[in-house]
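This is work_13.txt. It holds compact mmCIF, C-alpha atoms and all ligand atoms.
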# COMPACT_ATOMS: atom_id res chain seq x y z
CA MET R 204 -8.05 3.49 -22.91
CA ALA R 205 -10.74 4.98 -25.19
CA THR R 206 -13.57 2.77 -26.47
CA PRO R 207 -12.38 1.04 -29.67
CA GLN R 208 -14.13 2.52 -32.70
CA ILE R 209 -14.37 2.19 -36.45
CA ILE R 210 -12.73 5.23 -38.01
CA THR R 211 -13.57 6.60 -41.45
CA ALA R 212 -11.76 9.46 -43.17
CA ARG R 213 -13.13 12.95 -42.61
CA ILE R 214 -11.77 14.98 -45.52
CA ARG R 215 -12.43 18.70 -46.04
CA GLY R 216 -10.82 19.89 -49.27
CA PHE R 217 -7.06 19.63 -48.82
CA LEU R 218 -7.39 18.69 -45.14
CA CYS R 219 -8.13 15.38 -43.50
CA VAL R 220 -9.13 16.06 -39.91
CA ASN R 221 -8.64 12.57 -38.50
CA ALA R 222 -6.29 9.61 -38.93
CA HIS R 223 -6.28 5.82 -38.59
CA PRO R 224 -3.67 4.36 -36.20
CA SER R 225 -3.41 0.95 -37.89
CA GLY R 226 -3.23 2.49 -41.37
CA CYS R 227 -0.47 4.87 -40.29
CA ALA R 228 1.43 1.96 -38.72
CA ALA R 229 1.10 -0.01 -41.97
CA ASN R 230 2.50 2.97 -43.92
CA VAL R 231 5.50 3.12 -41.60
CA ASP R 232 6.04 -0.64 -41.95
CA ARG R 233 6.02 -0.34 -45.74
CA GLN R 234 8.65 2.40 -45.58
CA ILE R 235 10.75 0.39 -43.13
CA GLY R 236 10.66 -2.57 -45.53
CA ILE R 237 11.97 -0.40 -48.39
CA ALA R 238 14.66 1.25 -46.25
CA ARG R 239 15.89 -2.06 -44.84
CA ALA R 240 16.02 -3.67 -48.27
CA ALA R 241 18.14 -0.81 -49.63
CA GLY R 242 20.16 0.15 -46.59
CA THR R 243 23.70 -0.30 -45.51
CA ARG R 244 23.20 -0.81 -41.79
CA GLY R 245 25.98 0.64 -39.67
CA GLY R 246 26.81 3.66 -41.88
CA ILE R 247 25.21 6.48 -39.91
CA ARG R 248 25.55 6.31 -36.14
CA ASN R 249 23.59 9.28 -34.78
CA ALA R 250 20.88 11.23 -36.57
CA LEU R 251 18.63 14.18 -35.75
CA VAL R 252 15.52 14.68 -37.87
CA ILE R 253 13.62 17.92 -37.38
CA GLY R 254 10.13 17.34 -38.77
CA GLY R 255 10.38 13.54 -38.74
CA SER R 256 6.72 12.59 -38.32
CA THR R 257 5.32 12.86 -41.87
CA GLY R 258 6.34 13.38 -45.51
CA TYR R 259 10.00 13.71 -46.41
CA GLY R 260 11.03 13.94 -42.75
CA LEU R 261 9.39 10.64 -41.78
CA SER R 262 11.14 8.96 -44.69
CA SER R 263 14.42 10.50 -43.52
CA LEU R 264 13.87 9.13 -40.03
CA VAL R 265 13.04 5.67 -41.36
CA THR R 266 16.00 5.69 -43.77
CA THR R 267 18.63 6.79 -41.25
CA MET R 268 17.37 4.39 -38.59
CA PHE R 269 16.17 1.28 -40.36
CA GLY R 270 18.34 1.61 -43.46
CA HIS R 271 21.58 2.84 -41.92
CA GLY R 272 21.23 1.69 -38.31
CA ALA R 273 21.35 5.16 -36.74
CA ARG R 274 20.31 6.04 -33.24
CA ALA R 275 17.80 8.83 -33.90
CA MET R 276 16.19 11.88 -32.37
CA ASN R 277 12.97 13.13 -33.94
CA VAL R 278 11.38 16.55 -33.41
CA CYS R 279 7.82 17.14 -34.59
CA LEU R 280 4.61 18.96 -33.79
CA GLU R 281 1.71 16.53 -33.70
CA ARG R 282 -1.71 16.47 -32.08
CA PRO R 283 -2.18 13.78 -29.42
CA PRO R 284 -5.39 11.76 -29.14
CA HIS R 285 -8.04 13.35 -26.97
CA GLY R 286 -10.75 11.14 -25.52
CA ASP R 287 -12.38 9.44 -28.50
CA LYS R 288 -10.77 11.88 -30.97
CA PRO R 289 -7.90 10.36 -32.96
CA ALA R 290 -4.43 11.87 -32.89
CA SER R 291 -2.90 13.37 -36.04
CA ALA R 292 -1.36 11.02 -38.59
CA GLY R 293 2.17 12.08 -37.65
CA TRP R 294 1.52 11.11 -34.05
CA TYR R 295 0.56 7.58 -35.09
CA ASN R 296 3.49 7.39 -37.54
CA VAL R 297 5.97 8.23 -34.80
CA ALA R 298 4.26 5.84 -32.37
CA ALA R 299 4.66 3.05 -34.96
CA ALA R 300 8.31 3.98 -35.57
CA HIS R 301 8.97 3.72 -31.82
CA ARG R 302 7.36 0.27 -31.59
CA ARG R 303 9.38 -1.00 -34.55
CA ALA R 304 12.60 0.59 -33.28
CA GLN R 305 12.25 -1.38 -30.07
CA GLN R 306 11.73 -4.61 -31.99
CA HIS R 307 14.82 -3.93 -34.10
CA GLN R 308 16.95 -2.90 -31.07
CA LEU R 309 17.27 0.63 -32.44
CA SER R 310 17.20 3.70 -30.27
CA LEU R 311 14.69 6.47 -31.05
CA GLU R 312 13.77 9.52 -28.99
CA SER R 313 10.99 11.93 -29.94
CA VAL R 314 10.29 15.46 -28.80
CA ASN R 315 6.82 16.71 -29.66
CA GLY R 316 6.78 20.50 -29.57
CA ASP R 317 7.50 23.69 -31.49
CA ALA R 318 10.90 23.23 -33.16
CA TYR R 319 11.06 27.00 -33.78
CA SER R 320 11.14 27.71 -30.03
CA ASN R 321 14.21 28.13 -27.84
CA GLU R 322 12.69 25.72 -25.28
CA ILE R 323 12.46 22.78 -27.69
CA LYS R 324 15.96 23.45 -29.04
CA ALA R 325 17.29 23.46 -25.47
CA ASP R 326 15.42 20.26 -24.62
CA VAL R 327 16.76 18.47 -27.72
CA ILE R 328 20.30 19.69 -27.07
CA ALA R 329 20.16 18.53 -23.43
CA ARG R 330 19.02 15.09 -24.59
CA LEU R 331 21.72 14.90 -27.30
CA LYS R 332 24.39 15.76 -24.75
CA ARG R 333 23.50 12.56 -22.93
CA TRP R 334 24.31 10.53 -26.05
CA SER R 335 27.73 8.92 -26.18
CA ALA R 336 28.65 10.39 -29.59
CA PRO R 337 27.83 13.48 -31.66
CA LEU R 338 25.52 13.63 -34.69
CA ASP R 339 26.71 12.56 -38.09
CA SER R 340 23.40 13.35 -39.78
CA VAL R 341 20.99 16.27 -39.32
CA VAL R 342 17.84 16.52 -41.46
CA TYR R 343 15.74 19.68 -41.44
CA SER R 344 12.28 18.94 -42.88
CA LEU R 345 9.85 21.37 -41.33
CA ALA R 346 6.81 22.53 -43.28
CA SER R 347 4.66 24.94 -41.34
CA PRO R 348 2.26 27.79 -42.04
CA ARG R 349 3.39 29.75 -38.96
CA ARG R 350 6.46 30.57 -36.90
CA VAL R 351 6.89 32.59 -33.75
CA ASP R 352 10.29 34.28 -33.74
CA PRO R 353 11.86 33.01 -30.50
CA ASP R 354 13.70 36.28 -29.85
CA THR R 355 10.95 38.83 -30.47
CA GLY R 356 7.83 36.72 -29.83
CA GLN R 357 6.38 38.01 -33.12
CA ALA R 358 4.27 35.51 -35.08
CA TYR R 359 4.78 35.18 -38.85
CA THR R 360 2.42 33.46 -41.29
CA SER R 361 3.54 32.11 -44.63
CA VAL R 362 1.38 32.71 -47.70
CA LEU R 363 1.18 30.93 -51.05
CA LYS R 364 1.01 33.85 -53.46
CA ALA R 365 2.62 35.13 -56.62
CA VAL R 366 5.40 37.71 -56.60
CA GLY R 367 5.35 40.66 -59.02
CA ALA R 368 2.20 39.95 -61.00
CA PRO R 369 -0.93 37.88 -60.32
CA PHE R 370 -1.42 34.81 -62.47
CA THR R 371 -4.23 32.56 -63.53
CA SER R 372 -3.90 28.82 -63.85
CA LYS R 373 -5.79 25.58 -64.00
CA SER R 374 -6.20 23.96 -60.61
CA LEU R 375 -8.05 21.04 -59.10
CA ASN R 376 -10.94 21.68 -56.72
CA LEU R 377 -10.25 18.90 -54.21
CA GLY R 378 -13.84 19.09 -52.94
CA ASN R 379 -15.54 18.08 -56.21
CA ASP R 380 -12.63 17.10 -58.52
CA HIS R 381 -13.46 19.84 -61.02
CA VAL R 382 -10.69 21.48 -62.99
CA VAL R 383 -11.16 25.16 -62.34
CA SER R 384 -9.37 28.38 -63.12
CA VAL R 385 -7.78 30.06 -60.12
CA GLU R 386 -6.32 33.51 -59.89
CA ILE R 387 -3.33 33.70 -57.57
CA GLN R 388 -2.95 37.13 -56.02
CA THR R 389 0.27 39.06 -55.72
CA ALA R 390 1.91 39.08 -52.31
CA SER R 391 2.78 42.30 -50.50
CA GLU R 392 6.41 42.85 -49.44
CA ASP R 393 5.36 42.04 -45.86
CA GLU R 394 3.84 38.72 -46.94
CA ILE R 395 7.00 37.80 -48.83
CA GLN R 396 9.16 38.58 -45.81
CA SER R 397 6.83 36.62 -43.49
CA THR R 398 6.97 33.57 -45.74
CA VAL R 399 10.77 33.77 -45.76
CA LYS R 400 10.73 34.04 -41.94
CA VAL R 401 8.67 30.84 -41.68
CA MET R 402 10.02 28.66 -44.49
CA GLY R 403 13.45 30.21 -45.21
CA GLY R 404 16.71 29.17 -43.60
CA GLU R 405 16.72 31.29 -40.42
CA ASP R 406 15.49 28.56 -38.10
CA TRP R 407 17.68 25.87 -39.70
CA ALA R 408 20.70 28.13 -39.10
CA LEU R 409 19.69 28.60 -35.45
CA TRP R 410 19.56 24.82 -35.04
CA MET R 411 22.88 24.20 -36.78
CA ARG R 412 24.77 26.95 -34.94
CA ALA R 413 23.39 25.78 -31.59
CA LEU R 414 24.45 22.19 -32.34
CA LEU R 415 27.88 23.38 -33.52
CA SER R 416 28.53 25.53 -30.48
CA GLU R 417 27.57 22.66 -28.17
CA GLY R 418 30.02 20.36 -29.93
CA LEU R 419 27.20 18.06 -31.03
CA LEU R 420 28.25 17.69 -34.67
CA ALA R 421 30.64 14.88 -35.53
CA GLU R 422 33.56 15.31 -37.86
CA ASP R 423 32.22 14.92 -41.40
CA CYS R 424 28.64 15.51 -40.19
CA ARG R 425 26.18 16.00 -43.05
CA ALA R 426 23.17 18.26 -42.69
CA VAL R 427 20.42 18.55 -45.27
CA ALA R 428 17.26 20.59 -45.81
CA TYR R 429 14.71 20.05 -48.57
CA SER R 430 13.83 22.42 -51.37
CA TYR R 431 11.75 22.37 -54.53
CA VAL R 432 12.23 23.82 -58.02
CA GLY R 433 9.66 22.17 -60.32
CA PRO R 434 8.79 23.00 -63.94
CA GLU R 435 8.01 26.40 -65.45
CA LEU R 436 4.33 25.47 -65.27
CA THR R 437 4.35 25.91 -61.50
CA TYR R 438 6.95 28.71 -61.28
CA PRO R 439 4.42 31.52 -60.64
CA ILE R 440 2.95 29.71 -57.61
CA TYR R 441 6.10 27.98 -56.45
CA ARG R 442 9.61 28.86 -57.51
CA SER R 443 8.94 32.51 -58.41
CA GLY R 444 6.25 32.88 -55.75
CA THR R 445 6.47 33.57 -52.03
CA ILE R 446 7.44 30.00 -51.15
CA GLY R 447 10.17 30.13 -53.80
CA LYS R 448 11.60 33.25 -52.13
CA ALA R 449 11.75 31.26 -48.89
CA LYS R 450 13.48 28.39 -50.68
CA GLU R 451 16.03 30.80 -52.19
CA HIS R 452 16.76 31.95 -48.64
CA LEU R 453 17.04 28.33 -47.46
CA GLU R 454 19.49 27.59 -50.28
CA ALA R 455 21.60 30.67 -49.51
CA THR R 456 21.61 29.60 -45.85
CA ALA R 457 22.87 26.17 -46.90
CA ARG R 458 25.83 27.74 -48.69
CA ALA R 459 26.74 29.79 -45.58
CA LEU R 460 26.29 26.83 -43.22
CA ASP R 461 28.26 24.58 -45.56
CA ALA R 462 31.27 26.90 -45.26
CA GLU R 463 30.91 27.00 -41.45
CA LEU R 464 30.56 23.25 -41.02
CA GLY R 465 33.40 22.68 -43.45
CA ALA R 466 35.71 24.97 -41.48
CA LYS R 467 34.72 23.78 -38.02
CA VAL R 468 34.06 20.03 -38.30
CA GLY R 469 34.89 19.14 -41.89
CA GLY R 470 31.15 18.64 -42.44
CA ARG R 471 28.60 19.65 -45.06
CA ALA R 472 25.27 21.50 -45.01
CA LEU R 473 23.38 21.02 -48.24
CA VAL R 474 20.00 21.50 -49.76
CA SER R 475 18.49 18.62 -51.65
CA VAL R 476 15.89 19.51 -54.26
CA ALA R 477 13.18 16.86 -53.99
CA LYS R 478 10.40 15.74 -56.29
CA ALA R 479 6.80 16.98 -56.06
CA LEU R 480 4.85 14.45 -54.03
CA VAL R 481 1.58 14.25 -52.15
CA THR R 482 2.16 15.33 -48.55
CA GLN R 483 0.08 17.29 -46.09
CA ALA R 484 2.07 20.40 -47.02
CA SER R 485 1.99 20.07 -50.82
CA ALA R 486 -1.74 19.29 -51.02
CA ALA R 487 -2.44 22.77 -49.65
CA ILE R 488 -0.70 24.62 -52.51
CA PRO R 489 -3.03 25.81 -55.31
CA VAL R 490 -2.26 24.35 -58.79
CA VAL R 491 0.18 21.78 -57.35
CA PRO R 492 -2.34 18.88 -56.80
CA LEU R 493 -3.32 19.00 -60.50
CA TYR R 494 0.33 19.17 -61.51
CA ILE R 495 1.18 16.22 -59.22
CA SER R 496 -1.74 14.19 -60.64
CA THR R 497 -0.43 14.83 -64.15
CA LEU R 498 3.16 14.12 -63.18
CA TYR R 499 2.19 10.83 -61.48
CA LYS R 500 0.39 9.69 -64.63
CA VAL R 501 3.47 10.32 -66.77
CA MET R 502 6.09 9.01 -64.33
CA LYS R 503 4.12 5.87 -63.44
CA GLU R 504 3.70 5.06 -67.12
CA LYS R 505 7.41 5.64 -67.70
CA GLY R 506 8.31 3.53 -64.64
CA THR R 507 10.24 6.37 -62.94
CA HIS R 508 7.75 7.26 -60.22
CA GLU R 509 9.13 7.43 -56.67
CA GLY R 510 7.50 8.18 -53.31
CA THR R 511 9.16 9.97 -50.38
CA ILE R 512 10.85 6.82 -49.12
CA GLU R 513 12.36 5.93 -52.52
CA GLN R 514 13.57 9.53 -52.91
CA ILE R 515 15.20 9.61 -49.48
CA VAL R 516 16.73 6.15 -49.71
CA ARG R 517 18.36 7.30 -52.96
CA LEU R 518 19.46 10.61 -51.39
CA PHE R 519 21.31 8.89 -48.56
CA ARG R 520 22.72 6.13 -50.75
CA ASP R 521 24.09 8.42 -53.45
CA HIS R 522 24.89 11.65 -51.59
CA LEU R 523 24.73 11.65 -47.82
CA GLN R 524 26.00 8.41 -46.34
CA PRO R 525 29.56 8.47 -45.00
CA GLY R 526 32.24 7.96 -47.60
CA VAL R 527 30.06 9.11 -50.53
CA THR R 528 30.79 12.43 -52.24
CA PRO R 529 27.56 14.32 -52.95
CA THR R 530 26.99 15.37 -56.55
CA LEU R 531 25.94 19.02 -56.72
CA ASP R 532 24.47 21.31 -59.36
CA GLU R 533 25.95 24.72 -60.23
CA GLU R 534 24.15 26.22 -57.23
CA SER R 535 25.62 23.62 -54.84
CA ARG R 536 22.35 21.69 -54.49
CA ILE R 537 21.75 17.95 -54.59
CA ARG R 538 19.11 17.14 -57.24
CA ILE R 539 16.89 14.15 -56.51
CA ASP R 540 14.23 15.81 -58.65
CA ASP R 541 16.16 14.76 -61.78
CA ARG R 542 13.54 12.23 -62.88
CA GLU R 543 10.70 14.75 -62.43
CA LEU R 544 12.51 17.34 -64.53
CA ASP R 545 13.49 14.88 -67.27
CA PRO R 546 12.59 16.86 -70.46
CA GLU R 547 10.59 13.91 -71.84
CA VAL R 548 8.52 13.75 -68.67
CA GLN R 549 7.89 17.50 -68.70
CA ALA R 550 6.96 17.52 -72.40
CA ALA R 551 4.34 14.83 -71.70
CA VAL R 552 3.07 16.77 -68.66
CA SER R 553 2.71 19.94 -70.77
CA ARG R 554 0.74 18.09 -73.45
CA ILE R 555 -1.71 16.71 -70.89
CA TRP R 556 -1.92 20.04 -69.06
CA ALA R 557 -2.97 21.90 -72.20
CA ASP R 558 -6.09 19.74 -72.61
CA VAL R 559 -7.04 18.68 -69.11
CA ASN R 560 -10.56 19.60 -67.98
CA SER R 561 -13.24 18.39 -65.55
CA GLU R 562 -14.51 15.79 -68.04
CA ASN R 563 -11.19 14.10 -68.80
CA VAL R 564 -9.22 14.67 -65.58
CA PHE R 565 -9.63 11.07 -64.38
CA SER R 566 -8.55 9.56 -67.70
CA THR R 567 -5.72 11.93 -68.64
CA THR R 568 -4.15 12.39 -65.20
CA ASP R 569 -3.61 10.20 -62.16
CA VAL R 570 -5.96 12.20 -59.98
CA ALA R 571 -7.25 8.88 -58.62
CA GLY R 572 -3.70 8.03 -57.51
CA PHE R 573 -3.32 11.49 -55.98
CA LYS R 574 -6.51 11.05 -53.98
CA THR R 575 -5.61 7.56 -52.81
CA GLU R 576 -2.15 8.70 -51.73
CA PHE R 577 -3.71 11.66 -49.94
CA ARG R 578 -5.99 9.30 -48.00
CA ASN R 579 -3.02 6.99 -47.36
CA LEU R 580 -1.18 9.87 -45.65
CA PHE R 581 -3.77 9.72 -42.89
CA GLY R 582 -3.81 5.94 -42.72
CA PHE R 583 -6.91 5.38 -44.88
CA ASP R 584 -7.22 2.98 -47.85
CA VAL R 585 -3.91 1.38 -46.94
CA PRO R 586 -3.66 -2.15 -48.39
CA GLY R 587 -3.83 -4.92 -45.78
CA VAL R 588 -5.63 -2.89 -43.12
CA ASP R 589 -9.03 -4.13 -41.91
CA TYR R 590 -11.06 -0.94 -41.54
CA GLN R 591 -14.07 -2.85 -40.16
CA GLN R 592 -12.00 -3.67 -37.07
CA PRO R 593 -12.62 -1.18 -34.20
CA VAL R 594 -9.38 0.42 -33.02
CA ASP R 595 -8.28 2.25 -29.90
CA VAL R 596 -7.29 5.79 -30.83
CA ASP R 597 -5.48 6.35 -27.52
CA VAL R 598 -1.99 5.33 -28.65
CA PRO R 599 1.02 6.81 -26.81
CA MET R 600 3.64 8.42 -29.07
CA VAL R 601 6.59 6.99 -27.17
P1 LIG R 701 4.90 17.52 -44.16
O1 LIG R 701 3.75 18.43 -43.89
O2 LIG R 701 4.60 16.12 -44.51
O3 LIG R 701 5.89 17.48 -42.88
C1 LIG R 701 6.12 18.58 -42.05
C2 LIG R 701 6.83 18.16 -40.78
O4 LIG R 701 7.11 19.34 -40.02
C3 LIG R 701 6.01 17.25 -39.85
O5 LIG R 701 6.87 16.32 -39.24
C4 LIG R 701 5.49 18.23 -38.78
O6 LIG R 701 5.23 17.63 -37.51
C5 LIG R 701 6.69 19.15 -38.68
N1 LIG R 701 6.38 20.47 -38.12
C6 LIG R 701 5.63 21.46 -38.65
N2 LIG R 701 5.65 22.55 -37.84
C7 LIG R 701 6.45 22.23 -36.79
C8 LIG R 701 6.89 22.92 -35.65
N3 LIG R 701 6.54 24.18 -35.41
N4 LIG R 701 7.69 22.26 -34.77
C9 LIG R 701 8.07 20.97 -34.98
N5 LIG R 701 7.71 20.28 -36.07
C10 LIG R 701 6.90 20.90 -36.95
O7 LIG R 701 5.77 18.26 -45.26
P2 LIG R 701 6.74 17.79 -46.44
O8 LIG R 701 6.01 17.99 -47.72
O9 LIG R 701 7.39 16.50 -46.17
O10 LIG R 701 7.81 18.96 -46.38
C11 LIG R 701 9.07 18.84 -45.74
C12 LIG R 701 10.08 19.66 -46.50
O11 LIG R 701 10.23 19.10 -47.81
C13 LIG R 701 9.65 21.12 -46.70
O12 LIG R 701 10.79 21.94 -46.63
C14 LIG R 701 9.12 21.12 -48.12
O13 LIG R 701 9.17 22.38 -48.75
C15 LIG R 701 10.10 20.14 -48.77
N6 LIG R 701 9.66 19.59 -50.06
C16 LIG R 701 8.44 19.02 -50.21
C17 LIG R 701 8.05 18.57 -51.47
C18 LIG R 701 6.69 17.95 -51.69
O14 LIG R 701 6.27 17.82 -52.83
N7 LIG R 701 5.99 17.54 -50.65
C19 LIG R 701 8.93 18.64 -52.55
C20 LIG R 701 10.19 19.20 -52.36
C21 LIG R 701 10.55 19.68 -51.11

Please go through the file and, once you have read it, give me the structure as structure tokens.
Amino acid sequence: MATPQIITARIRGFLCVNAHPSGCAANVDRQIGIARAAGTRGGIRNALVIGGSTGYGLSSLVTTMFGHGARAMNVCLERPPHGDKPASAGWYNVAAAHRRAQQHQLSLESVNGDAYSNEIKADVIARLKRWSAPLDSVVYSLASPRRVDPDTGQAYTSVLKAVGAPFTSKSLNLGNDHVVSVEIQTASEDEIQSTVKVMGGEDWALWMRALLSEGLLAEDCRAVAYSYVGPELTYPIYRSGTIGKAKEHLEATARALDAELGAKVGGRALVSVAKALVTQASAAIPVVPLYISTLYKVMKEKGTHEGTIEQIVRLFRDHLQPGVTPTLDEESRIRIDDRELDPEVQAAVSRIWADVNSENVFSTTDVAGFKTEFRNLFGFDVPGVDYQQPVDVDVPMV
């Protein structure tokens, strides 16, 4: 046991380098409360969530387990505590989910390691084979800057750049809250291909085909991966940029996997387009934090704002739980970003965007909400947590 200590947030731009165990546990409890209130316990029996420790993946884990009563397997890559140094937020989130699972008589297993590797896939598959029934839900929610190809050993790094032509946009400097102008450079062909290697559908397909060939997918199994479209305002950095190319690949992979699962187990593999929200991954994208701050302002005022847990509860309720037919767009995608892309919302966002500057950013956008939510991700500023209370950082994940 490490000496209990008072932990304060150490934020460097879009990174927070520590986390608070009690704050992370309180976040997980809040999500569990929402999932339980909305859930239909008993619907999903066995779920695998790849990337289930933070963001959309954590909400997927909480929803399938605490909302639908699933036995769950989580795969993530989180930093353990080391001496007096706190673990990463995802570590504490998963630790809290395990404690609550036990209290609710739910079964959760976690594998902490590189989901892109053959070793972790083999470990997860060996564990799943010991389960009494196959998976009826598989969620793929990895967000990573790097992937080592398991067959060649070559490392690929994803980049957040424009494709075709550079572009200039307003952006928020997260260090001093100034609205600045950033120029986003054009990616080389190599950088585009690397980003597709990391964030495209190749690894998801490896997972799904391995699970299929081992007979681990139940009849009518539903698999989902998350994508983003967003408004024209962010197209150059997102949808038409390098990350957008990766998402196009992910979406094409979904269509191929959907046909395979349909033919082999009568199942589905779909992409769900989610809303822009503050997560560790999204905070790192230039332009996006200012867009999210503006979007939050408009959606909160309109009463249509949702966080990851509300988005995922809705996704499973309306599209993924057994017996429900998913509603798809013309490109076979589920759209839970409908409220973000509501034309009225986007018109209001554009009006604010045109005038936002360093002087008015706190009054015209919800940058304060963005910053609070960012701190919340790491367990800081979470309502109900006594931060004056020293805490032990040495919390086991399982
Ligand atoms: P996040 O950073 O909160 O979560 C990433 C997860 O991936 C974590 O559980 C992490 O442990 C895991 N992970 C990363 N590398 C790993 C590895 N090598 N092995 C095992 N686990 C690993 O990210 P997020 O924003 O929730 O993103 C999840 C997905 O949702 C991504 O596909 C993202 O593009 C998509 N999405 C996000 C948004 C948004 O606004 N945040 C919107 C739409 C879609």

Interatomic distance (Å, one decimal) between CA of Ile214 in chain R and CA of Pro289 in chain R: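 According to the coordinates, CA of Ile214 in chain R and CA of Pro289 in chain R are separated by 13.9 Å.
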
Test item: residues at most 9 Å from range 417-425 of chain R, all atoms listed in the file, excluding those fewer than 5 positions along its chain, as a VMD selection string: chain R and resid 328 331 to 332 336 to 342 411 to 412 464 to 465 467 to 473 523 to 525

Within 12 Å of Val362 in chain R using all atoms listed in the file, minus same-chain residues under 2 positions, as an MDAnalysis selection string: chainID R and resid 347:349 359:360 364:366 387:402 440:441 444:449 487:489

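Minimum distance to Leu493 in chain R across R:His301, R:Arg536, R:His381, R:His307 (counting all atoms listed in the file) occurs at R:His381.
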
How would you report the residues lying within 7 Å of ligand LIG 701 (chain R), as a PDB file with C-alpha atoms, in the frame of the given file, if you count all atoms listed in the file?
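Wrote it out as pocket-v3.pdb, contents follow:
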ATOM      1  CA  ILE R 253      13.620  17.920 -37.380  1.00  0.00           C
ATOM      2  CA  GLY R 254      10.130  17.340 -38.770  1.00  0.00           C
ATOM      3  CA  GLY R 255      10.380  13.540 -38.740  1.00  0.00           C
ATOM      4  CA  SER R 256       6.720  12.590 -38.320  1.00  0.00           C
ATOM      5  CA  THR R 257       5.320  12.860 -41.870  1.00  0.00           C
ATOM      6  CA  GLY R 258       6.340  13.380 -45.510  1.00  0.00           C
ATOM      7  CA  TYR R 259      10.000  13.710 -46.410  1.00  0.00           C
ATOM      8  CA  GLY R 260      11.030  13.940 -42.750  1.00  0.00           C
ATOM      9  CA  LEU R 261       9.390  10.640 -41.780  1.00  0.00           C
ATOM     10  CA  VAL R 278      11.380  16.550 -33.410  1.00  0.00           C
ATOM     11  CA  CYS R 279       7.820  17.140 -34.590  1.00  0.00           C
ATOM     12  CA  LEU R 280       4.610  18.960 -33.790  1.00  0.00           C
ATOM     13  CA  GLU R 281       1.710  16.530 -33.700  1.00  0.00           C
ATOM     14  CA  GLY R 293       2.170  12.080 -37.650  1.00  0.00           C
ATOM     15  CA  ASN R 315       6.820  16.710 -29.660  1.00  0.00           C
ATOM     16  CA  GLY R 316       6.780  20.500 -29.570  1.00  0.00           C
ATOM     17  CA  ASP R 317       7.500  23.690 -31.490  1.00  0.00           C
ATOM     18  CA  ALA R 318      10.900  23.230 -33.160  1.00  0.00           C
ATOM     19  CA  TYR R 319      11.060  27.000 -33.780  1.00  0.00           C
ATOM     20  CA  SER R 344      12.280  18.940 -42.880  1.00  0.00           C
ATOM     21  CA  LEU R 345       9.850  21.370 -41.330  1.00  0.00           C
ATOM     22  CA  ALA R 346       6.810  22.530 -43.280  1.00  0.00           C
ATOM     23  CA  SER R 347       4.660  24.940 -41.340  1.00  0.00           C
ATOM     24  CA  ARG R 350       6.460  30.570 -36.900  1.00  0.00           C
ATOM     25  CA  ALA R 428      17.260  20.590 -45.810  1.00  0.00           C
ATOM     26  CA  TYR R 429      14.710  20.050 -48.570  1.00  0.00           C
ATOM     27  CA  SER R 430      13.830  22.420 -51.370  1.00  0.00           C
ATOM     28  CA  TYR R 431      11.750  22.370 -54.530  1.00  0.00           C
ATOM     29  CA  VAL R 476      15.890  19.510 -54.260  1.00  0.00           C
ATOM     30  CA  ALA R 477      13.180  16.860 -53.990  1.00  0.00           C
ATOM     31  CA  LYS R 478      10.400  15.740 -56.290  1.00  0.00           C
ATOM     32  CA  ALA R 479       6.800  16.980 -56.060  1.00  0.00           C
ATOM     33  CA  LEU R 480       4.850  14.450 -54.030  1.00  0.00           C
ATOM     34  CA  VAL R 481       1.580  14.250 -52.150  1.00  0.00           C
ATOM     35  CA  THR R 482       2.160  15.330 -48.550  1.00  0.00           C
ATOM     36  CA  GLN R 483       0.080  17.290 -46.090  1.00  0.00           C
ATOM     37  CA  ALA R 484       2.070  20.400 -47.020  1.00  0.00           C
ATOM     38  CA  SER R 485       1.990  20.070 -50.820  1.00  0.00           C
TER      39      SER R 485
END

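Shortest separation to Arg520 in chain R among R:Gly242, R:Asp352, R:Val314, R:Ala408 occurs at residue R:Gly242, atoms counted being only C-alpha atoms.
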
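Across R:Val231, R:Ala240, R:Ala273, R:Leu375, the tightest approach to Trp294 in chain R is made by R:Val231 when counting only C-alpha atoms.
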
If you take only C-alpha atoms and a cut-off of 10 Å, which residues of range 477-528 of chain R touch range 538-556 of chain R, and what are their nearest atom pairs and distances in Å to one decimal, in chain and number order, as a Markdown table?
| residue | atom | partner | partner_atom | distance |
| --- | --- | --- | --- | --- |
| R:Ala477 | CA | R:Asp540 | CA | 4.9 |
| R:Lys478 | CA | R:Asp540 | CA | 4.5 |
| R:Ala479 | CA | R:Glu543 | CA | 7.8 |
| R:Leu493 | CA | R:Trp556 | CA | 8.7 |
| R:Tyr494 | CA | R:Trp556 | CA | 7.9 |
| R:Ile495 | CA | R:Val552 | CA | 9.6 |
| R:Ser496 | CA | R:Val552 | CA | 9.7 |
| R:Thr497 | CA | R:Val552 | CA | 6.0 |
| R:Leu498 | CA | R:Val552 | CA | 6.1 |
| R:Tyr499 | CA | R:Val552 | CA | 9.4 |
| R:Lys500 | CA | R:Val552 | CA | 8.6 |
| R:Val501 | CA | R:Val548 | CA | 6.4 |
| R:Met502 | CA | R:Val548 | CA | 6.9 |
| R:Lys505 | CA | R:Val548 | CA | 8.2 |
| R:Thr507 | CA | R:Arg542 | CA | 6.7 |
| R:His508 | CA | R:Arg542 | CA | 8.1 |
| R:Glu509 | CA | R:Arg542 | CA | 9.0 |
| R:Gln514 | CA | R:Ile539 | CA | 6.7 |
| R:Ile515 | CA | R:Ile539 | CA | 8.5 |
| R:Arg517 | CA | R:Ile539 | CA | 7.9 |
| R:Leu518 | CA | R:Ile539 | CA | 6.7 |
| R:Asp521 | CA | R:Ile539 | CA | 9.7 |
| R:His522 | CA | R:Ile539 | CA | 9.7 |
